[in-house]
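Asker: Just one file: coords25.json, with JSON, C-alpha atoms and all ligand atoms.
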[["chain", "number", "residue", "atom", "x", "y", "z"],
["A", 1, "MET", "CA", -94.05, 31.27, -68.23],
["A", 2, "ASP", "CA", -91.93, 32.13, -65.22],
["A", 3, "LYS", "CA", -94.41, 30.43, -63.00],
["A", 4, "PHE", "CA", -94.43, 27.35, -65.19],
["A", 5, "LEU", "CA", -90.62, 27.15, -65.15],
["A", 6, "SER", "CA", -90.44, 27.37, -61.41],
["A", 7, "LEU", "CA", -93.12, 24.70, -61.06],
["A", 8, "CYS", "CA", -91.22, 22.52, -63.44],
["A", 9, "SER", "CA", -87.95, 22.83, -61.57],
["A", 10, "LEU", "CA", -89.80, 22.10, -58.33],
["A", 11, "SER", "CA", -91.21, 18.88, -59.74],
["A", 12, "THR", "CA", -87.81, 17.75, -61.02],
["A", 13, "SER", "CA", -86.21, 18.43, -57.64],
["A", 14, "VAL", "CA", -88.97, 16.41, -55.95],
["A", 15, "GLY", "CA", -88.26, 13.65, -58.42],
["A", 16, "VAL", "CA", -84.57, 13.69, -57.50],
["A", 17, "MET", "CA", -85.43, 13.64, -53.79],
["A", 18, "ASP", "CA", -87.78, 10.71, -54.32],
["A", 19, "ARG", "CA", -85.03, 8.87, -56.08],
["A", 20, "GLN", "CA", -82.51, 9.59, -53.32],
["A", 21, "TYR", "CA", -85.03, 8.56, -50.71],
["A", 22, "PHE", "CA", -85.72, 5.35, -52.58],
["A", 23, "LEU", "CA", -82.01, 4.64, -53.00],
["A", 24, "SER", "CA", -81.23, 5.23, -49.35],
["A", 25, "TRP", "CA", -84.01, 2.82, -48.40],
["A", 26, "LYS", "CA", -82.59, 0.25, -50.75],
["A", 27, "VAL", "CA", -79.12, 0.69, -49.25],
["A", 28, "ALA", "CA", -80.55, 0.40, -45.76],
["A", 29, "LEU", "CA", -82.40, -2.78, -46.63],
["A", 30, "LEU", "CA", -79.30, -4.17, -48.27],
["A", 31, "LEU", "CA", -77.27, -3.40, -45.14],
["A", 32, "LEU", "CA", -79.90, -5.06, -43.00],
["A", 33, "HIS", "CA", -79.60, -8.19, -45.08],
["A", 34, "LEU", "CA", -75.82, -8.12, -44.95],
["A", 35, "MET", "CA", -75.57, -7.46, -41.22],
["A", 36, "PRO", "CA", -76.05, -10.61, -39.19],
["A", 37, "CYS", "CA", -77.53, -8.66, -36.28],
["A", 38, "GLY", "CA", -79.45, -5.63, -37.45],
["A", 39, "LEU", "CA", -83.10, -5.04, -36.74],
["A", 40, "GLN", "CA", -83.89, -8.63, -37.50],
["A", 41, "CYS", "CA", -81.72, -10.60, -35.15],
["A", 42, "MET", "CA", -82.96, -12.13, -31.98],
["A", 43, "SER", "CA", -80.40, -13.17, -29.42],
["A", 44, "VAL", "CA", -80.45, -14.95, -26.10],
["A", 45, "HIS", "CA", -77.88, -15.00, -23.26],
["A", 46, "ILE", "CA", -77.83, -17.03, -20.08],
["A", 47, "LEU", "CA", -77.28, -14.70, -17.11],
["A", 48, "ASN", "CA", -75.79, -17.26, -14.66],
["A", 49, "LYS", "CA", -72.03, -17.36, -14.28],
["A", 50, "GLU", "CA", -70.61, -20.52, -15.83],
["A", 51, "PRO", "CA", -70.19, -23.24, -14.69],
["A", 52, "VAL", "CA", -73.21, -23.23, -12.43],
["A", 53, "HIS", "CA", -72.81, -25.43, -9.33],
["A", 54, "VAL", "CA", -75.86, -26.90, -7.66],
["A", 55, "MET", "CA", -75.95, -28.42, -4.19],
["A", 56, "PRO", "CA", -77.44, -31.92, -4.28],
["A", 57, "ASP", "CA", -81.19, -31.89, -3.61],
["A", 58, "SER", "CA", -81.44, -28.11, -3.86],
["A", 59, "SER", "CA", -82.93, -26.05, -6.70],
["A", 60, "LEU", "CA", -81.27, -25.16, -9.95],
["A", 61, "VAL", "CA", -82.34, -21.80, -11.37],
["A", 62, "LEU", "CA", -81.14, -20.62, -14.76],
["A", 63, "LYS", "CA", -82.10, -17.25, -16.21],
["A", 64, "ALA", "CA", -81.75, -16.05, -19.76],
["A", 65, "ARG", "CA", -82.26, -12.66, -21.38],
["A", 66, "ILE", "CA", -83.88, -12.43, -24.80],
["A", 67, "GLU", "CA", -82.90, -9.47, -26.98],
["A", 68, "GLN", "CA", -85.18, -8.82, -29.89],
["A", 69, "GLY", "CA", -85.51, -6.25, -32.64],
["A", 70, "PRO", "CA", -88.60, -4.01, -32.95],
["A", 71, "LEU", "CA", -89.94, -6.08, -35.81],
["A", 72, "GLU", "CA", -89.52, -9.40, -34.06],
["A", 73, "GLU", "CA", -91.67, -11.60, -31.92],
["A", 74, "VAL", "CA", -90.78, -14.62, -29.79],
["A", 75, "SER", "CA", -92.85, -17.58, -30.83],
["A", 76, "VAL", "CA", -91.29, -20.57, -29.04],
["A", 77, "VAL", "CA", -88.89, -20.92, -26.09],
["A", 78, "THR", "CA", -87.36, -24.34, -25.37],
["A", 79, "TRP", "CA", -85.11, -25.52, -22.55],
["A", 80, "GLU", "CA", -83.09, -28.70, -23.14],
["A", 81, "ARG", "CA", -80.39, -30.72, -21.40],
["A", 82, "GLU", "CA", -77.64, -33.08, -22.58],
["A", 83, "PRO", "CA", -74.74, -34.80, -20.75],
["A", 84, "GLU", "CA", -71.54, -32.73, -20.58],
["A", 85, "THR", "CA", -69.31, -35.72, -21.22],
["A", 86, "GLY", "CA", -69.72, -39.35, -22.10],
["A", 87, "LEU", "CA", -70.80, -41.24, -25.13],
["A", 88, "SER", "CA", -74.47, -40.45, -25.11],
["A", 89, "THR", "CA", -75.12, -36.93, -26.33],
["A", 90, "GLU", "CA", -78.86, -37.24, -26.30],
["A", 91, "ARG", "CA", -80.71, -33.99, -25.83],
["A", 92, "VAL", "CA", -83.74, -34.11, -23.58],
["A", 93, "THR", "CA", -86.41, -31.43, -23.74],
["A", 94, "LEU", "CA", -87.23, -30.06, -20.29],
["A", 95, "ALA", "CA", -89.89, -27.53, -21.17],
["A", 96, "THR", "CA", -91.45, -25.69, -24.09],
["A", 97, "CYS", "CA", -93.26, -22.37, -24.10],
["A", 98, "THR", "CA", -95.48, -21.44, -27.02],
["A", 99, "GLY", "CA", -98.20, -19.13, -28.15],
["A", 100, "ARG", "CA", -98.75, -15.42, -27.76],
["A", 101, "SER", "CA", -99.09, -15.81, -23.98],
["A", 102, "GLN", "CA", -96.00, -18.05, -23.85],
["A", 103, "LYS", "CA", -97.65, -20.84, -21.93],
["A", 104, "CYS", "CA", -94.96, -23.21, -20.67],
["A", 105, "ALA", "CA", -95.13, -26.94, -20.15],
["A", 106, "GLY", "CA", -92.43, -28.87, -18.31],
["A", 107, "THR", "CA", -91.78, -32.52, -19.08],
["A", 108, "SER", "CA", -91.53, -33.49, -15.41],
["A", 109, "PRO", "CA", -93.29, -32.20, -12.27],
["A", 110, "ASN", "CA", -90.14, -30.68, -10.74],
["A", 111, "VAL", "CA", -89.40, -28.55, -13.81],
["A", 112, "HIS", "CA", -90.82, -25.03, -13.95],
["A", 113, "VAL", "CA", -90.28, -22.54, -16.76],
["A", 114, "ASN", "CA", -91.61, -19.10, -17.41],
["A", 115, "VAL", "CA", -91.20, -16.37, -20.01],
["A", 116, "ALA", "CA", -91.82, -12.80, -18.95],
["A", 117, "GLN", "CA", -90.89, -9.55, -20.68],
["A", 118, "GLN", "CA", -87.51, -10.30, -22.16],
["A", 119, "GLU", "CA", -86.49, -13.01, -19.73],
["A", 120, "THR", "CA", -87.00, -16.70, -19.37],
["A", 121, "ALA", "CA", -86.23, -18.78, -16.29],
["A", 122, "LEU", "CA", -85.84, -22.49, -15.74],
["A", 123, "GLN", "CA", -86.18, -23.97, -12.26],
["A", 124, "ILE", "CA", -85.54, -27.60, -11.36],
["A", 125, "ASN", "CA", -86.37, -28.54, -7.78],
["A", 126, "GLY", "CA", -84.59, -31.38, -5.98],
["A", 127, "TYR", "CA", -81.66, -31.34, -8.37],
["A", 128, "SER", "CA", -80.02, -34.74, -8.63],
["A", 129, "GLY", "CA", -77.78, -34.56, -11.68],
["A", 130, "VAL", "CA", -74.82, -36.74, -10.79],
["A", 131, "ASP", "CA", -72.66, -35.68, -13.72],
["A", 132, "GLY", "CA", -72.29, -32.38, -15.45],
["A", 133, "ALA", "CA", -74.84, -31.36, -18.03],
["A", 134, "VAL", "CA", -75.15, -28.74, -20.73],
["A", 135, "TYR", "CA", -78.38, -26.77, -20.66],
["A", 136, "THR", "CA", -79.59, -25.09, -23.84],
["A", 137, "VAL", "CA", -82.25, -22.44, -24.22],
["A", 138, "THR", "CA", -83.54, -21.92, -27.75],
["A", 139, "VAL", "CA", -85.70, -19.02, -28.89],
["A", 140, "THR", "CA", -87.60, -19.24, -32.17],
["A", 141, "ASP", "CA", -88.94, -16.05, -33.74],
["A", 142, "HIS", "CA", -92.17, -15.62, -35.71],
["A", 143, "LYS", "CA", -90.40, -16.49, -38.93],
["A", 144, "GLY", "CA", -88.98, -19.72, -37.54],
["A", 145, "ALA", "CA", -85.40, -18.49, -37.12],
["A", 146, "LYS", "CA", -83.72, -20.03, -34.09],
["A", 147, "THR", "CA", -81.10, -18.68, -31.71],
["A", 148, "SER", "CA", -79.78, -20.43, -28.63],
["A", 149, "ALA", "CA", -77.45, -20.18, -25.63],
["A", 150, "GLN", "CA", -75.79, -22.85, -23.52],
["A", 151, "CYS", "CA", -74.63, -23.21, -19.94],
["A", 152, "ILE", "CA", -72.71, -25.93, -18.11],
["A", 153, "VAL", "CA", -74.21, -27.11, -14.83],
["A", 154, "ARG", "CA", -72.37, -29.34, -12.35],
["A", 155, "THR", "CA", -73.19, -30.74, -8.95],
["A", 156, "TYR", "CA", -71.43, -29.09, -6.00],
["A", 157, "GLU", "CA", -69.04, -31.72, -4.65],
["A", 158, "ALA", "CA", -67.39, -32.16, -1.27],
["A", 159, "VAL", "CA", -63.59, -32.08, -0.95],
["A", 160, "HIS", "CA", -61.94, -35.49, -1.20],
["A", 161, "HIS", "CA", -58.48, -36.99, -1.29],
["A", 162, "VAL", "CA", -56.29, -34.09, -0.25],
["A", 163, "SER", "CA", -52.56, -34.76, -0.50],
["A", 164, "VAL", "CA", -49.38, -32.82, 0.24],
["A", 165, "SER", "CA", -46.16, -33.35, -1.69],
["A", 166, "ILE", "CA", -42.78, -31.74, -1.26],
["A", 167, "ASN", "CA", -40.57, -30.20, -3.91],
["A", 168, "VAL", "CA", -37.22, -30.38, -2.15],
["A", 169, "SER", "CA", -35.21, -28.43, -4.73],
["A", 170, "HIS", "CA", -37.55, -25.42, -4.47],
["A", 171, "SER", "CA", -38.36, -25.74, -0.74],
["A", 172, "MET", "CA", -42.06, -25.84, -1.38],
["A", 173, "LEU", "CA", -45.01, -27.95, -0.40],
["A", 174, "VAL", "CA", -47.81, -28.46, -2.87],
["A", 175, "CYS", "CA", -51.33, -29.27, -1.75],
["A", 176, "GLY", "CA", -53.46, -31.19, -4.20],
["A", 177, "GLU", "CA", -57.03, -32.35, -3.99],
["A", 178, "ALA", "CA", -58.50, -34.91, -6.30],
["A", 179, "TRP", "CA", -61.92, -33.24, -6.43],
["A", 180, "GLY", "CA", -64.13, -30.75, -4.71],
["A", 181, "THR", "CA", -65.97, -27.63, -5.83],
["A", 182, "ASP", "CA", -64.59, -24.18, -5.01],
["A", 183, "PRO", "CA", -61.72, -25.42, -2.81],
["A", 184, "HIS", "CA", -60.30, -22.98, -0.26],
["A", 185, "PHE", "CA", -56.77, -23.81, 0.96],
["A", 186, "SER", "CA", -55.18, -23.04, 4.32],
["A", 187, "TRP", "CA", -51.90, -24.18, 5.87],
["A", 188, "LEU", "CA", -50.81, -25.04, 9.40],
["A", 189, "HIS", "CA", -47.40, -25.79, 10.90],
["A", 190, "GLU", "CA", -47.55, -27.83, 14.09],
["A", 191, "ARG", "CA", -51.30, -27.07, 14.14],
["A", 192, "VAL", "CA", -50.72, -23.32, 14.14],
["A", 193, "ALA", "CA", -51.42, -20.96, 11.23],
["A", 194, "ILE", "CA", -48.38, -20.29, 9.05],
["A", 195, "THR", "CA", -46.30, -17.29, 10.11],
["A", 196, "GLU", "CA", -43.63, -15.46, 8.14],
["A", 197, "THR", "CA", -40.88, -17.34, 9.93],
["A", 198, "VAL", "CA", -42.27, -20.61, 8.60],
["A", 199, "GLY", "CA", -43.19, -19.69, 5.05],
["A", 200, "ARG", "CA", -45.39, -17.91, 2.54],
["A", 201, "VAL", "CA", -48.53, -19.24, 0.91],
["A", 202, "SER", "CA", -49.12, -18.71, -2.81],
["A", 203, "LYS", "CA", -52.04, -16.55, -3.92],
["A", 204, "ASP", "CA", -54.24, -19.50, -4.84],
["A", 205, "GLY", "CA", -53.30, -21.20, -1.58],
["A", 206, "THR", "CA", -52.13, -24.45, -3.12],
["A", 207, "THR", "CA", -48.40, -23.93, -2.55],
["A", 208, "LEU", "CA", -46.43, -23.17, 0.59],
["A", 209, "PHE", "CA", -42.97, -21.68, 0.02],
["A", 210, "VAL", "CA", -41.11, -22.76, 3.14],
["A", 211, "THR", "CA", -38.61, -20.23, 4.52],
["A", 212, "LYS", "CA", -37.83, -22.19, 7.65],
["A", 213, "THR", "CA", -34.59, -24.15, 7.20],
["A", 214, "PRO", "CA", -34.18, -27.00, 7.51],
["A", 215, "ILE", "CA", -37.78, -27.99, 6.75],
["A", 216, "CYS", "CA", -39.03, -29.71, 9.88],
["A", 217, "GLY", "CA", -42.17, -30.64, 11.75],
["A", 218, "HIS", "CA", -45.72, -31.23, 10.57],
["A", 219, "PHE", "CA", -47.21, -29.23, 7.72],
["A", 220, "THR", "CA", -50.96, -29.55, 7.28],
["A", 221, "CYS", "CA", -52.95, -28.45, 4.27],
["A", 222, "MET", "CA", -56.64, -27.99, 4.92],
["A", 223, "VAL", "CA", -59.04, -27.77, 1.99],
["A", 224, "SER", "CA", -62.59, -26.63, 2.62],
["A", 225, "ASN", "CA", -65.75, -25.66, 0.80],
["A", 226, "LYS", "CA", -69.45, -25.24, 1.58],
["A", 227, "LEU", "CA", -69.84, -28.97, 2.24],
["A", 228, "GLY", "CA", -66.99, -29.39, 4.75],
["A", 229, "HIS", "CA", -63.26, -29.89, 4.77],
["A", 230, "SER", "CA", -60.51, -32.44, 4.36],
["A", 231, "SER", "CA", -56.82, -32.25, 5.18],
["A", 232, "ALA", "CA", -53.46, -33.93, 4.69],
["A", 233, "THR", "CA", -50.19, -33.60, 6.62],
["A", 234, "TYR", "CA", -46.61, -33.76, 5.46],
["A", 235, "THR", "CA", -44.26, -34.88, 8.21],
["A", 236, "ALA", "CA", -40.66, -33.72, 7.97],
["A", 237, "ALA", "CA", -37.86, -34.52, 10.44],
["A", 238, "PRO", "CA", -38.64, -33.33, 13.98],
["A", 239, "CYS", "CA", -37.65, -29.72, 14.60],
["A", 240, "GLU", "CA", -34.55, -29.10, 16.76],
["A", 241, "THR", "CA", -36.45, -27.17, 19.42],
["A", 242, "GLU", "CA", -38.81, -30.10, 19.62],
["A", 243, "GLY", "CA", -35.77, -32.41, 20.09],
["A", 244, "ARG", "CA", -34.41, -30.23, 22.88],
["A", 245, "GLY", "CA", -37.83, -30.26, 24.47],
["A", 246, "THR", "CA", -38.03, -34.03, 24.57],
["A", 247, "THR", "CA", -34.46, -34.28, 25.92],
["A", 248, "ALA", "CA", -35.38, -31.88, 28.70],
["A", 249, "ALA", "CA", -38.48, -33.94, 29.47],
["A", 250, "VAL", "CA", -36.45, -37.16, 29.62],
["A", 251, "VAL", "CA", -33.82, -35.56, 31.91],
["A", 252, "CYS", "CA", -36.57, -34.15, 34.11],
["A", 253, "SER", "CA", -38.31, -37.49, 34.55],
["A", 254, "LEU", "CA", -34.98, -39.22, 35.22],
["A", 255, "LEU", "CA", -34.21, -36.66, 37.93],
["A", 256, "LEU", "CA", -37.68, -37.14, 39.40],
["A", 257, "LEU", "CA", -37.18, -40.91, 39.43],
["A", 258, "LEU", "CA", -33.82, -40.51, 41.13],
["A", 259, "PHE", "CA", -35.23, -38.11, 43.69],
["A", 260, "GLY", "CA", -38.18, -40.44, 44.35],
["A", 261, "GLY", "CA", -35.80, -43.38, 44.73],
["A", 262, "VAL", "CA", -33.66, -41.55, 47.24],
["A", 263, "LEU", "CA", -36.75, -40.49, 49.19],
["A", 264, "VAL", "CA", -38.09, -44.05, 49.30],
["A", 265, "TYR", "CA", -34.66, -45.31, 50.44],
["A", 266, "LEU", "CA", -34.43, -42.74, 53.20],
["A", 267, "LEU", "CA", -37.93, -43.53, 54.45],
["A", 268, "TRP", "CA", -37.18, -47.25, 54.42],
["A", 269, "ARG", "CA", -33.96, -46.71, 56.33],
["A", 270, "ARG", "CA", -35.72, -44.58, 58.94],
["A", 271, "HIS", "CA", -38.40, -47.19, 59.34],
["A", 272, "ARG", "CA", -35.82, -49.98, 59.73],
["A", 273, "TYR", "CA", -33.85, -48.09, 62.37],
["A", 274, "SER", "CA", -36.88, -47.24, 64.44],
["A", 275, "ASN", "CA", -37.91, -50.94, 64.31],
["A", 276, "LYS", "CA", -34.42, -51.94, 65.44],
["A", 277, "GLY", "CA", -34.71, -49.55, 68.41],
["A", 278, "GLU", "CA", -38.03, -51.13, 69.42],
["A", 279, "ARG", "CA", -36.63, -54.62, 69.10],
["A", 280, "LEU", "CA", -33.68, -53.60, 71.32],
["A", 281, "HIS", "CA", -36.12, -52.45, 73.95],
["A", 282, "GLU", "CA", -38.05, -55.74, 73.72],
["A", 283, "HIS", "CA", -34.80, -57.67, 74.07],
["A", 284, "LEU", "CA", -33.87, -55.70, 77.15],
["A", 285, "ASP", "CA", -37.31, -56.33, 78.67],
["A", 286, "ASP", "CA", -36.90, -60.06, 78.08],
["A", 287, "THR", "CA", -33.57, -60.27, 79.89],
["A", 288, "ILE", "CA", -34.83, -58.30, 82.88],
["A", 301, "LIG", "C1", -40.20, -28.20, -8.35],
["A", 301, "LIG", "O1", -40.77, -26.96, -8.74],
["A", 301, "LIG", "C2", -40.22, -26.37, -9.88],
["A", 301, "LIG", "C3", -40.86, -25.02, -10.06],
["A", 301, "LIG", "O2", -42.23, -25.08, -10.08],
["A", 301, "LIG", "C4", -40.41, -27.29, -11.06],
["A", 301, "LIG", "O3", -39.83, -26.72, -12.21],
["A", 301, "LIG", "C5", -39.78, -28.63, -10.76],
["A", 301, "LIG", "O4", -40.03, -29.52, -11.80],
["A", 301, "LIG", "C6", -40.33, -29.20, -9.46],
["A", 301, "LIG", "N1", -39.63, -30.44, -9.12],
["A", 301, "LIG", "C7", -40.25, -31.58, -8.85],
["A", 301, "LIG", "C8", -39.39, -32.72, -8.46],
["A", 301, "LIG", "O5", -41.45, -31.67, -8.91]]
Have the structure of the file written as structure tokens, please.
Ligand SMILES: *[C@@H]1O[C@H](CO)[C@@H](O)[C@H](O)[C@H]1NC(C)=O
Answerer:
Amino acid sequence: MDKFLSLCSLSTSVGVMDRQYFLSWKVALLLLHLMPCGLQCMSVHILNKEPVHVMPDSSLVLKARIEQGPLEEVSVVTWEREPETGLSTERVTLATCTGRSQKCAGTSPNVHVNVAQQETALQINGYSGVDGAVYTVTVTDHKGAKTSAQCIVRTYEAVHHVSVSINVSHSMLVCGEAWGTDPHFSWLHERVAITETVGRVSKDGTTLFVTKTPICGHFTCMVSNKLGHSSATYTAAPCETEGRGTTAAVVCSLLLLLFGGVLVYLLWRRHRYSNKGERLHEHLDDTI
């Protein structure tokens, strides 16, 4: 009887445990369904820093990381492109990878795509996109659920149309450039790098706070990037020292002219007198 009772209680406790176990599973499943990214959520991220700039005629390489749950499988990877701006927003497929071995097929000979481990890479050789484009990578799992990531790609452009304007009330010069990728600004005063006596350049380099008063001389803003540089100059009134310099030069040349004139006069006089002496001699000879 004792034995029977203990057995009985054991079976009931097992029953309770089964129930708890079952409930906890149910709760876990419920949570999985509620959570957008539990075990069953694939995600993809592009690893390049946005926006990606490509030199004309060079290669564009985009890399993406695929995160997947233990129960998931990648079934299709697609790379697409669409214009960044403009009226046409047509998406063009660049490559698709399918099957267990993720065989990839590009839609043009210069497009190469691969999928390996948890990464996928797109490479376009001889890049010639004139305008910006948005690239999309889409990963489809075995159930057909899709997840995607996007990245803006623009062509690396040379610096053009640099201009310098003055803000008189705040004693500052502002350097602007109409376009150019990754512009780097530097300033010159009378073709020499800016010193503390002339002014201070803002952190981004676009503004020069002029400390020199009054603002005078030539201020040049040079904007450069990997493809070259372009510059613009703001010309203020000539600096005083420069004025003094030119005055000194004028005085100097005047003095030189005067000195030269006197020298020429003296030489001419000497020449004339010596000629006169000779003529006197000739005259004397004639009379003798
Ligand atoms: C000069 O710069 C100041 C400060 O940035 C700005 O508030 C002001 O509008 C500028 N003046 C002109 C004429 O651009």
Asker: Mind pulling up the distance from atom CA of A:Val115 to atom CA of A:Met42?
Answerer: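 Straight-line distance from atom CA of A:Met42 to atom CA of A:Val115 works out to 15.1 Å.
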Asker: Within 10 Å of A:His184, counting all atoms listed in the file, which residues show up once you throw out same-chain ones fewer than 2 positions away? Write them as a list in words, please.
Answerer: Val159, Gly180, Thr181, Asp182, Ser186, Asp204, Gly205, Thr206, Met222, Val223, Ser224, Asn225, Lys226 and His229 of chain A
Asker: Taking only C-alpha atoms and all ligand atoms into account, report as a PyMOL selection string which residues have an atom no farther than 7 Å from an atom of ligand LIG 301 (chain A).
Answerer: chain A and resi 167+169-170
Asker: Considering all atoms listed in the file, state which residue in the set A:Thr136, A:Ser165, A:Thr96, A:Thr197 is at the smallest distance from A:Thr213.
Answerer: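 Comparing A:Thr136, A:Ser165, A:Thr96, A:Thr197 against A:Thr213, the winner is A:Thr197.
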Asker: Let me make sure I understand: among A:Val113, A:Ile166, A:Leu227, A:Ala95, which one has the smallest atom-to-atom distance to A:Ile215 if we use all atoms listed in the file?
Answerer: A:Ile166
Asker: Could you state the separation of atom CA of A:His45 and atom CA of A:Ala149 in Å, given to one decimal place?
Answerer: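 Separation between atom CA of A:His45 and atom CA of A:Ala149: 5.7 Å.
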Asker: Given only C-alpha atoms as the basis, pick out the residue of A:Ala105, A:Leu188, A:Cys221, A:Leu71 nearest to A:Cys175.
Answerer: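 Going through A:Ala105, A:Leu188, A:Cys221, A:Leu71 one by one, the smallest distance to A:Cys175 is for A:Cys221.
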Asker: Using all atoms listed in the file, pick whichever of A:His271, A:Arg65, A:His160, A:Lys203 has the shortest atom-to-atom distance to A:Ser43.
Answerer: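 Of A:His271, A:Arg65, A:His160, A:Lys203, the one nearest A:Ser43 is A:Arg65, counting all atoms listed in the file.
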Asker: So how many Å separate atom CA of A:Gly144 and atom CA of A:Arg100, to one decimal?
Answerer: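 One can read the atom CA of A:Gly144 to atom CA of A:Arg100 distance as 14.5 Å.
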Asker: Using all atoms of stretch 49-60 of chain A that appear in the file, construct an axis-aligned enclosing box with 4 Å of padding on every side and provide its centre coordinates and edge lengths in Å, rounded to one decimal, as lines of an AutoDock Vina configuration file.
Answerer:
center_x = -76.6
center_y = -24.6
center_z = -9.7
size_x = 20.7
size_y = 22.6
size_z = 20.2
